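Dropping run17.tsv in here (TSV, C-alpha atoms and all ligand atoms):
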```
chain	number	residue	atom	x	y	z
A	1	MET	CA	42.67	-96.18	78.71
A	2	VAL	CA	42.40	-92.63	77.44
A	3	PRO	CA	39.59	-90.85	79.30
A	4	VAL	CA	36.73	-89.77	77.05
A	5	SER	CA	35.37	-86.23	77.16
A	6	ALA	CA	31.89	-86.06	78.62
A	7	ILE	CA	31.75	-82.40	77.67
A	8	SER	CA	33.72	-80.49	75.13
A	9	ILE	CA	33.35	-76.73	74.89
A	10	LYS	CA	34.97	-74.62	72.20
A	11	LYS	CA	35.05	-70.83	72.39
A	12	LEU	CA	31.56	-70.71	73.82
A	13	SER	CA	30.04	-67.23	74.14
A	14	LYS	CA	26.71	-65.76	75.10
A	15	HIS	CA	26.04	-62.08	74.76
A	16	PHE	CA	23.00	-60.29	76.14
A	17	GLY	CA	23.05	-57.06	74.16
A	18	LYS	CA	26.39	-55.50	74.98
A	19	LEU	CA	26.99	-57.75	77.97
A	20	ARG	CA	29.31	-60.68	77.39
A	21	ALA	CA	27.88	-63.03	80.00
A	22	VAL	CA	30.04	-65.86	78.65
A	23	ASP	CA	33.02	-64.78	76.65
A	24	GLY	CA	34.88	-67.50	74.77
A	25	ILE	CA	35.17	-70.39	77.21
A	26	SER	CA	36.91	-73.58	76.03
A	27	LEU	CA	37.28	-76.68	78.16
A	28	GLU	CA	36.90	-80.44	78.32
A	29	VAL	CA	35.30	-82.38	81.15
A	30	LYS	CA	36.32	-86.03	81.34
A	31	GLU	CA	33.95	-88.91	81.89
A	32	GLY	CA	33.46	-89.59	85.58
A	33	GLU	CA	34.96	-86.29	86.66
A	34	VAL	CA	33.53	-84.05	89.37
A	35	PHE	CA	34.06	-80.64	87.84
A	36	ALA	CA	33.37	-77.22	89.37
A	37	LEU	CA	32.64	-73.93	87.68
A	38	LEU	CA	33.70	-71.51	90.35
A	39	GLY	CA	33.14	-67.79	90.21
A	40	PRO	CA	31.48	-64.84	91.91
A	41	ASN	CA	27.85	-63.89	91.32
A	42	GLY	CA	27.31	-62.78	87.77
A	43	ALA	CA	30.42	-64.56	86.47
A	44	GLY	CA	28.44	-66.47	83.84
A	45	LYS	CA	28.11	-69.88	85.52
A	46	THR	CA	24.36	-70.36	85.09
A	47	THR	CA	24.49	-69.04	81.54
A	48	THR	CA	27.20	-71.58	80.71
A	49	ILE	CA	25.26	-74.46	82.24
A	50	SER	CA	22.07	-73.37	80.46
A	51	MET	CA	23.87	-73.51	77.12
A	52	LEU	CA	25.29	-76.94	77.93
A	53	CYS	CA	21.81	-78.22	78.77
A	54	GLY	CA	20.48	-76.93	75.46
A	55	LEU	CA	18.23	-74.39	77.17
A	56	LEU	CA	19.99	-71.32	75.86
A	57	ARG	CA	21.43	-70.74	72.40
A	58	PRO	CA	25.08	-69.74	72.30
A	59	THR	CA	25.94	-66.49	70.53
A	60	SER	CA	28.96	-68.29	69.13
A	61	GLY	CA	31.08	-71.34	69.78
A	62	LYS	CA	30.25	-75.01	70.19
A	63	ALA	CA	29.44	-77.33	73.03
A	64	SER	CA	29.18	-81.07	72.82
A	65	VAL	CA	27.59	-82.89	75.72
A	66	ALA	CA	27.64	-86.69	75.96
A	67	GLY	CA	28.65	-86.65	72.30
A	68	TYR	CA	25.73	-84.49	71.12
A	69	ASP	CA	25.73	-80.91	69.93
A	70	ALA	CA	24.02	-78.83	72.61
A	71	GLU	CA	22.61	-76.37	70.08
A	72	THR	CA	21.43	-78.65	67.29
A	73	GLU	CA	20.61	-81.82	69.27
A	74	PRO	CA	19.14	-80.47	72.50
A	75	LEU	CA	16.67	-83.35	72.92
A	76	LYS	CA	19.39	-85.97	72.77
A	77	VAL	CA	21.44	-83.91	75.18
A	78	ARG	CA	18.54	-83.65	77.59
A	79	LYS	CA	18.04	-87.41	77.61
A	80	SER	CA	21.67	-87.89	78.58
A	81	ILE	CA	21.78	-85.39	81.41
A	82	GLY	CA	20.17	-84.59	84.72
A	83	VAL	CA	19.83	-81.01	85.88
A	84	VAL	CA	19.30	-79.52	89.31
A	85	PHE	CA	18.69	-75.82	89.11
A	86	GLN	CA	19.15	-73.30	91.85
A	87	GLN	CA	15.40	-72.64	92.05
A	88	PRO	CA	13.46	-75.57	93.50
A	89	SER	CA	11.32	-77.20	90.84
A	90	SER	CA	9.64	-80.12	92.58
A	91	ASP	CA	5.89	-80.12	92.99
A	92	ASP	CA	5.01	-78.95	96.48
A	93	LEU	CA	1.65	-80.68	96.61
A	94	LEU	CA	2.98	-84.09	95.70
A	95	SER	CA	4.93	-86.35	98.01
A	96	GLY	CA	8.64	-86.90	97.49
A	97	ARG	CA	7.97	-90.30	96.01
A	98	GLU	CA	5.25	-89.00	93.69
A	99	ASN	CA	7.66	-86.39	92.38
A	100	LEU	CA	10.10	-89.12	91.46
A	101	GLU	CA	7.33	-91.20	89.87
A	102	MET	CA	6.30	-88.23	87.73
A	103	HIS	CA	9.85	-87.73	86.60
A	104	ALA	CA	10.20	-91.43	85.74
A	105	LEU	CA	7.08	-91.20	83.58
A	106	LEU	CA	8.28	-88.03	81.88
A	107	TYR	CA	11.49	-89.74	80.97
A	108	GLY	CA	9.67	-92.85	79.76
A	109	MET	CA	11.42	-95.11	82.23
A	110	PRO	CA	10.10	-98.65	81.78
A	111	GLY	CA	7.75	-99.87	84.51
A	112	GLU	CA	9.98	-102.80	85.18
A	113	GLY	CA	12.65	-101.80	87.64
A	114	ARG	CA	11.12	-98.34	88.12
A	115	LYS	CA	9.94	-98.97	91.66
A	116	GLU	CA	13.31	-100.42	92.67
A	117	ARG	CA	15.13	-97.52	91.09
A	118	ILE	CA	12.99	-95.01	92.98
A	119	ASP	CA	13.51	-96.96	96.22
A	120	SER	CA	17.24	-96.94	95.77
A	121	MET	CA	17.39	-93.22	94.92
A	122	LEU	CA	15.35	-92.41	98.02
A	123	ARG	CA	17.77	-94.47	100.08
A	124	LEU	CA	20.75	-92.77	98.48
A	125	VAL	CA	19.57	-89.33	99.55
A	126	GLY	CA	18.22	-90.48	102.91
A	127	LEU	CA	14.55	-89.77	102.22
A	128	THR	CA	13.09	-93.25	102.55
A	129	ASP	CA	11.34	-92.39	105.81
A	130	ARG	CA	9.84	-89.19	104.47
A	131	GLN	CA	8.96	-90.34	100.96
A	132	LYS	CA	5.22	-90.11	101.63
A	133	SER	CA	5.25	-86.58	103.04
A	134	ARG	CA	4.29	-83.71	100.80
A	135	VAL	CA	7.25	-81.75	99.56
A	136	LYS	CA	5.85	-78.57	101.08
A	137	GLU	CA	6.58	-80.11	104.47
A	138	TYR	CA	10.23	-80.71	103.56
A	139	SER	CA	13.10	-78.55	104.80
A	140	GLY	CA	15.32	-76.78	102.27
A	141	GLY	CA	17.95	-79.48	102.57
A	142	MET	CA	15.43	-82.29	102.05
A	143	ARG	CA	14.05	-80.59	98.96
A	144	LYS	CA	17.49	-80.27	97.52
A	145	ARG	CA	18.20	-83.93	98.22
A	146	LEU	CA	14.96	-84.89	96.48
A	147	GLU	CA	15.92	-82.83	93.44
A	148	ILE	CA	19.32	-84.45	93.34
A	149	ALA	CA	17.67	-87.89	93.48
A	150	ARG	CA	15.36	-86.80	90.69
A	151	GLY	CA	18.30	-85.49	88.68
A	152	ILE	CA	19.90	-88.92	88.51
A	153	LEU	CA	16.80	-91.11	88.55
A	154	HIS	CA	16.92	-91.77	84.81
A	155	LYS	CA	20.64	-92.68	85.02
A	156	PRO	CA	22.03	-89.73	83.12
A	157	LEU	CA	25.65	-89.79	82.06
A	158	ILE	CA	26.12	-86.26	83.30
A	159	LEU	CA	24.53	-84.38	86.16
A	160	PHE	CA	24.53	-80.58	86.25
A	161	LEU	CA	24.06	-78.93	89.61
A	162	ASP	CA	23.69	-75.17	89.67
A	163	GLU	CA	24.66	-73.88	93.11
A	164	PRO	CA	23.44	-77.05	94.85
A	165	THR	CA	23.96	-75.75	98.35
A	166	VAL	CA	23.27	-72.04	98.12
A	167	GLY	CA	21.17	-70.71	100.98
A	168	LEU	CA	21.54	-73.86	103.09
A	169	ASP	CA	23.16	-73.94	106.49
A	170	PRO	CA	26.69	-75.35	106.75
A	171	GLN	CA	25.62	-78.66	108.24
A	172	THR	CA	23.03	-79.29	105.54
A	173	ARG	CA	25.58	-78.23	102.93
A	174	SER	CA	28.02	-80.87	104.03
A	175	HIS	CA	25.23	-83.47	104.08
A	176	ILE	CA	24.26	-82.62	100.55
A	177	TRP	CA	27.86	-83.06	99.54
A	178	GLU	CA	28.03	-86.45	101.17
A	179	TYR	CA	25.10	-87.51	99.00
A	180	ILE	CA	26.51	-86.00	95.84
A	181	ARG	CA	29.82	-87.72	96.45
A	182	LYS	CA	28.22	-91.05	97.20
A	183	MET	CA	26.21	-90.71	94.03
A	184	SER	CA	29.20	-89.98	91.86
A	185	GLN	CA	30.87	-93.07	93.28
A	186	VAL	CA	27.89	-95.43	93.14
A	187	GLU	CA	26.47	-94.23	89.82
A	188	LYS	CA	29.73	-93.16	88.16
A	189	THR	CA	27.94	-90.04	86.95
A	190	THR	CA	30.01	-87.17	85.58
A	191	ILE	CA	29.18	-84.17	87.73
A	192	VAL	CA	29.42	-80.52	86.77
A	193	PHE	CA	28.49	-78.10	89.50
A	194	THR	CA	28.68	-74.37	89.92
A	195	THR	CA	29.45	-72.64	93.17
A	196	HIS	CA	30.66	-69.43	94.65
A	197	TYR	CA	31.69	-71.31	97.79
A	198	LEU	CA	35.42	-71.74	97.40
A	199	GLU	CA	35.71	-74.46	100.01
A	200	GLU	CA	33.25	-76.62	98.11
A	201	ALA	CA	35.20	-76.42	94.88
A	202	GLU	CA	38.43	-77.00	96.74
A	203	LYS	CA	37.14	-79.96	98.67
A	204	TYR	CA	34.85	-81.78	96.29
A	205	ALA	CA	35.96	-81.08	92.72
A	206	ASP	CA	38.55	-83.12	90.85
A	207	ARG	CA	39.14	-80.03	88.73
A	208	VAL	CA	37.85	-76.49	88.70
A	209	ALA	CA	37.48	-73.77	86.12
A	210	ILE	CA	37.55	-70.37	87.78
A	211	ILE	CA	35.49	-67.90	85.82
A	212	ASP	CA	35.05	-64.17	86.11
A	213	HIS	CA	33.21	-61.80	83.76
A	214	GLY	CA	32.47	-64.69	81.43
A	215	ARG	CA	36.09	-65.67	80.99
A	216	MET	CA	38.01	-68.59	82.32
A	217	ILE	CA	40.90	-67.29	84.37
A	218	ALA	CA	42.26	-70.57	85.71
A	219	LEU	CA	41.76	-74.29	85.12
A	220	GLY	CA	43.15	-77.29	86.93
A	221	LYS	CA	43.15	-79.44	90.03
A	222	PRO	CA	42.58	-77.27	93.09
A	223	SER	CA	45.82	-78.48	94.66
A	224	ASP	CA	47.81	-77.71	91.49
A	225	LEU	CA	46.34	-74.23	91.16
A	226	VAL	CA	47.17	-73.49	94.75
A	227	ARG	CA	50.66	-74.97	94.49
A	228	LYS	CA	51.37	-72.80	91.44
A	229	LEU	CA	51.01	-69.74	93.64
A	230	GLY	CA	54.32	-70.85	95.05
A	231	GLY	CA	53.91	-70.48	98.79
A	232	ASP	CA	51.84	-69.39	101.73
A	233	ILE	CA	50.18	-66.02	101.89
A	234	MET	CA	51.17	-63.47	104.48
A	235	LEU	CA	49.21	-60.32	105.19
A	236	LEU	CA	50.81	-57.47	107.06
A	237	LYS	CA	49.23	-54.50	108.69
A	238	SER	CA	51.42	-51.48	109.17
A	239	LYS	CA	51.14	-47.73	109.40
A	240	GLU	CA	53.57	-47.54	106.52
A	241	PRO	CA	52.49	-50.14	104.00
A	242	ALA	CA	54.45	-48.60	101.12
A	243	LEU	CA	57.68	-48.82	103.07
A	244	ILE	CA	57.01	-52.42	104.10
A	245	ALA	CA	56.18	-53.34	100.53
A	246	SER	CA	59.36	-51.81	99.19
A	247	GLU	CA	61.44	-53.64	101.82
A	248	LEU	CA	59.73	-56.89	100.92
A	249	ARG	CA	60.39	-56.38	97.22
A	250	LYS	CA	64.11	-56.34	97.96
A	251	MET	CA	63.92	-59.80	99.52
A	252	PRO	CA	64.68	-62.59	97.07
A	253	PHE	CA	62.16	-65.01	98.59
A	254	ALA	CA	59.19	-62.62	98.69
A	255	ARG	CA	56.83	-63.00	95.74
A	256	SER	CA	53.82	-61.07	94.47
A	257	VAL	CA	54.08	-58.20	96.89
A	258	LYS	CA	50.91	-56.12	96.70
A	259	ILE	CA	49.21	-53.38	98.66
A	260	LYS	CA	45.47	-53.22	98.77
A	261	GLU	CA	43.60	-50.79	100.97
A	262	GLY	CA	46.58	-50.42	103.24
A	263	ILE	CA	47.23	-54.14	103.69
A	264	VAL	CA	50.40	-55.63	102.28
A	265	SER	CA	50.16	-59.15	100.94
A	266	VAL	CA	53.10	-61.30	100.01
A	267	THR	CA	53.55	-64.89	98.90
A	268	VAL	CA	56.27	-66.68	100.85
A	269	PRO	CA	57.68	-69.90	99.42
A	270	ASP	CA	59.06	-72.37	101.94
A	271	SER	CA	57.57	-70.25	104.70
A	272	GLN	CA	58.88	-72.28	107.64
A	273	LYS	CA	62.37	-71.32	106.65
A	274	ASN	CA	61.78	-67.89	105.13
A	275	LEU	CA	59.28	-66.34	107.48
A	276	PRO	CA	61.63	-65.82	110.45
A	277	LYS	CA	64.22	-64.36	108.09
A	278	MET	CA	61.68	-62.01	106.64
A	279	LEU	CA	60.43	-60.80	109.98
A	280	ARG	CA	63.94	-60.06	111.17
A	281	LEU	CA	64.40	-57.75	108.22
A	282	LEU	CA	61.12	-55.89	108.68
A	283	ASP	CA	60.41	-53.02	110.99
A	284	GLY	CA	57.10	-51.36	111.85
A	285	VAL	CA	54.69	-54.23	111.28
A	286	ASP	CA	51.68	-54.03	113.60
A	287	SER	CA	50.20	-57.42	112.92
A	288	ILE	CA	50.60	-60.31	110.55
A	289	GLU	CA	48.52	-63.23	109.54
A	290	MET	CA	49.68	-66.19	107.59
A	291	HIS	CA	47.51	-68.71	105.83
A	292	PRO	CA	48.10	-71.57	103.47
A	293	ALA	CA	47.14	-70.49	99.96
A	294	THR	CA	43.61	-71.36	98.82
A	295	LEU	CA	41.64	-71.05	95.61
A	296	ASN	CA	40.61	-67.63	96.86
A	297	ASP	CA	44.24	-66.56	96.60
A	298	VAL	CA	44.32	-67.93	93.07
A	299	PHE	CA	41.32	-65.74	92.32
A	300	ILE	CA	42.89	-62.71	93.99
A	301	LYS	CA	46.06	-63.23	92.00
A	302	TYR	CA	44.22	-62.98	88.70
A	303	THR	CA	41.55	-60.44	89.56
A	304	GLY	CA	42.93	-58.43	92.45
A	305	ARG	CA	39.83	-59.07	94.53
A	306	ALA	CA	38.29	-61.78	96.68
A	307	ILE	CA	35.77	-64.14	95.15
A	308	ARG	CA	33.04	-63.48	97.66
A	309	GLU	CA	32.72	-59.92	98.75
A	310	ASP	CA	29.93	-60.97	101.08
A	311	SER	CA	31.82	-63.79	102.77
A	312	ALA	CA	31.73	-64.15	106.51
A	313	GLU	CA	33.83	-67.27	106.38
A	314	GLY	CA	36.50	-66.17	103.95
A	315	SER	CA	40.15	-65.51	104.45
A	316	TYR	CA	41.72	-62.90	106.65
A	317	TRP	CA	42.20	-60.86	103.52
A	318	GLU	CA	38.51	-60.92	102.75
A	319	ARG	CA	37.56	-60.15	106.31
A	320	ILE	CA	40.01	-57.28	106.49
A	321	MET	CA	38.98	-56.00	103.08
A	322	ASN	CA	35.37	-56.09	104.09
A	323	SER	CA	35.64	-54.67	107.57
A	324	LYS	CA	35.02	-50.97	107.55
A	325	GLY	CA	36.79	-50.84	110.90
A	326	ASP	CA	39.91	-49.23	112.25
A	327	ARG	CA	41.96	-48.51	109.18
B	401	LIG	N1	18.44	-63.50	80.26
B	401	LIG	C1	19.35	-62.55	80.55
B	401	LIG	N2	19.27	-61.31	80.01
B	401	LIG	C2	20.19	-60.37	80.28
B	401	LIG	N3	21.26	-60.56	81.08
B	401	LIG	C3	21.41	-61.78	81.65
B	401	LIG	C4	20.47	-62.83	81.42
B	401	LIG	N4	20.87	-63.92	82.10
B	401	LIG	C5	22.00	-63.56	82.74
B	401	LIG	N5	22.33	-62.27	82.47
B	401	LIG	C6	23.52	-61.55	82.96
B	401	LIG	O1	24.65	-62.30	82.57
B	401	LIG	C7	25.65	-62.28	83.57
B	401	LIG	C8	25.97	-63.70	84.02
B	401	LIG	O2	24.85	-64.24	84.69
B	401	LIG	P1	24.82	-65.69	85.29
B	401	LIG	O3	25.25	-66.66	84.25
B	401	LIG	O4	23.49	-65.91	85.88
B	401	LIG	O5	25.93	-65.59	86.44
B	401	LIG	P2	26.24	-66.58	87.65
B	401	LIG	O6	25.39	-67.78	87.49
B	401	LIG	O7	27.70	-66.84	87.55
B	401	LIG	O8	25.91	-65.81	88.90
B	401	LIG	C9	25.09	-61.42	84.70
B	401	LIG	O9	25.59	-60.11	84.53
B	401	LIG	C10	23.60	-61.48	84.47
B	401	LIG	O10	22.96	-60.32	84.95
B	402	MG	MG	24.00	-68.59	88.81
```
Please lay out the structure from this file as structure tokens.
Ligand SMILES: Nc1ncnc2c1ncn2[C@@H]1O[C@H](COP(=O)(O)OP(=O)(O)O)[C@@H](O)[C@H]1O
Ligand SMILES: [Mg+2]
Amino acid sequence: MVPVSAISIKKLSKHFGKLRAVDGISLEVKEGEVFALLGPNGAGKTTTISMLCGLLRPTSGKASVAGYDAETEPLKVRKSIGVVFQQPSSDDLLSGRENLEMHALLYGMPGEGRKERIDSMLRLVGLTDRQKSRVKEYSGGMRKRLEIARGILHKPLILFLDEPTVGLDPQTRSHIWEYIRKMSQVEKTTIVFTTHYLEEAEKYADRVAIIDHGRMIALGKPSDLVRKLGGDIMLLKSKEPALIASELRKMPFARSVKIKEGIVSVTVPDSQKNLPKMLRLLDGVDSIEMHPATLNDVFIKYTGRAIREDSAEGSYWERIMNSKGDR
């Protein structure tokens, strides 16, 4: 069976004055896919999602969502989707359950089966025990889980999640992901999420679109994108980076040799075999660190910088780039 497109975007752009927040993005998301829009802050992720949800008019281009035109048929689009925005939007004074009941009424869900549906969504996100507490007593993670339950209550074909885990601690983040995953399996919902957490895109998305300055710079399965880099990444610290780089460039197995802020980076294919050879040929290296390539390296390859300048958990490269220390 040929997979159907849940979302089809053609040359979608949104300009705010002179700023091209989204600048000609084209892509297809297949039915049932878990798809990530990955990019740094300000890349255009929220703007893209807002256009797909029919909340923002594109400057140019077309988007079809669940078969409807996002610009001209926004109501039909909205009936077919669920959205969880970055800002919490549940009612603090109501209980978790009451929030879901309100949503069910808003969406005109028939009374029959409504109670069961709410029960099962509460179970899915692990809030059965706390369903009667007011939302203002919930933790950040519980709120997010409630909003995710609300997002899929009316059985949308597609669920949009804008930065579902931002600001949550790592343990809560991985919990949230367990629920999202379970949901995509149980409900077969197509999921489009945005994130600036690389590990999340790498771990949970079937495919990712990496965006920067409103443009798509890479698209594919995380493992394919990483494999295309052609090897592991080695970073070398030396007092003479230019010399090291020029030596490396003479080596047939060294790829993408770059110097940034005094650190030499090189991609080494078949590193188990080539690394010892390489080190034998190099003189004057103070320290090296090797890591398997990640989506961050894909981002660095296309943009020359790390995806999260504020990352405490990023790669060696990011940490080194961000440490103002002994260079
Ligand atoms: N309503 C708006 N008016 C003007 N500029 C905006 C507006 N919304 C977003 N932007 C700008 O568009 C760019 C992309 O924003 P956004 O889509 O929110 O990025 P992301 O979600 O990837 O962090 C940013 O430079 C942002 O400041
Ligand atoms: Mg955003």
Handout entry: Given all atoms listed in the file as the counted atoms, nearest of A:Ile211, A:Val29, A:Val166, A:Met183 to ligand LIG 401 (chain B)
Key =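 Selected residue with least distance to ligand LIG 401 (chain B): A:Ile211.
Picture a line from CA of Ile152 (chain A) to CA of Thr189 (chain A); it runs 8.3 Å.
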Which neighbours of Leu168 (chain A) fall inside 12 Å, counting only C-alpha atoms, when residues of the same chain fewer than 6 positions from it are skipped, and could you give them as a PDB file with C-alpha atoms, in the coordinates of the input?
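Written output follows (selection-v3.pdb):
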```pdb
ATOM      1  CA  GLN A  86      19.150 -73.300  91.850  1.00  0.00           C
ATOM      2  CA  SER A 139      13.100 -78.550 104.800  1.00  0.00           C
ATOM      3  CA  GLY A 140      15.320 -76.780 102.270  1.00  0.00           C
ATOM      4  CA  GLY A 141      17.950 -79.480 102.570  1.00  0.00           C
ATOM      5  CA  MET A 142      15.430 -82.290 102.050  1.00  0.00           C
ATOM      6  CA  ARG A 143      14.050 -80.590  98.960  1.00  0.00           C
ATOM      7  CA  LYS A 144      17.490 -80.270  97.520  1.00  0.00           C
ATOM      8  CA  ARG A 145      18.200 -83.930  98.220  1.00  0.00           C
ATOM      9  CA  SER A 174      28.020 -80.870 104.030  1.00  0.00           C
ATOM     10  CA  HIS A 175      25.230 -83.470 104.080  1.00  0.00           C
ATOM     11  CA  ILE A 176      24.260 -82.620 100.550  1.00  0.00           C
ATOM     12  CA  TRP A 177      27.860 -83.060  99.540  1.00  0.00           C
ATOM     13  CA  TYR A 197      31.690 -71.310  97.790  1.00  0.00           C
TER      14      TYR A 197
END
```
Problem - Residues within 8 Å of ligand LIG 401 (chain B), counting all atoms listed in the file, as a list in words - result: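 If we count all atoms listed in the file, the neighbours of ligand LIG 401 (chain B) turn out to be His15, Phe16, Gly17, Leu19, Arg20, Ala21, Val22, Gly39, Pro40, Asn41, Gly42, Ala43, Gly44, Lys45, Thr46, Thr47, Thr48, Asp162, Thr194, Asp212, His213 and Gly214 of chain A.
Remark: for Ile288 (chain A), the closest of the candidate residues A:Arg255, A:Lys260, A:Lys62, A:Lys237 is A:Lys237 (distances computed over all atoms listed in the file).
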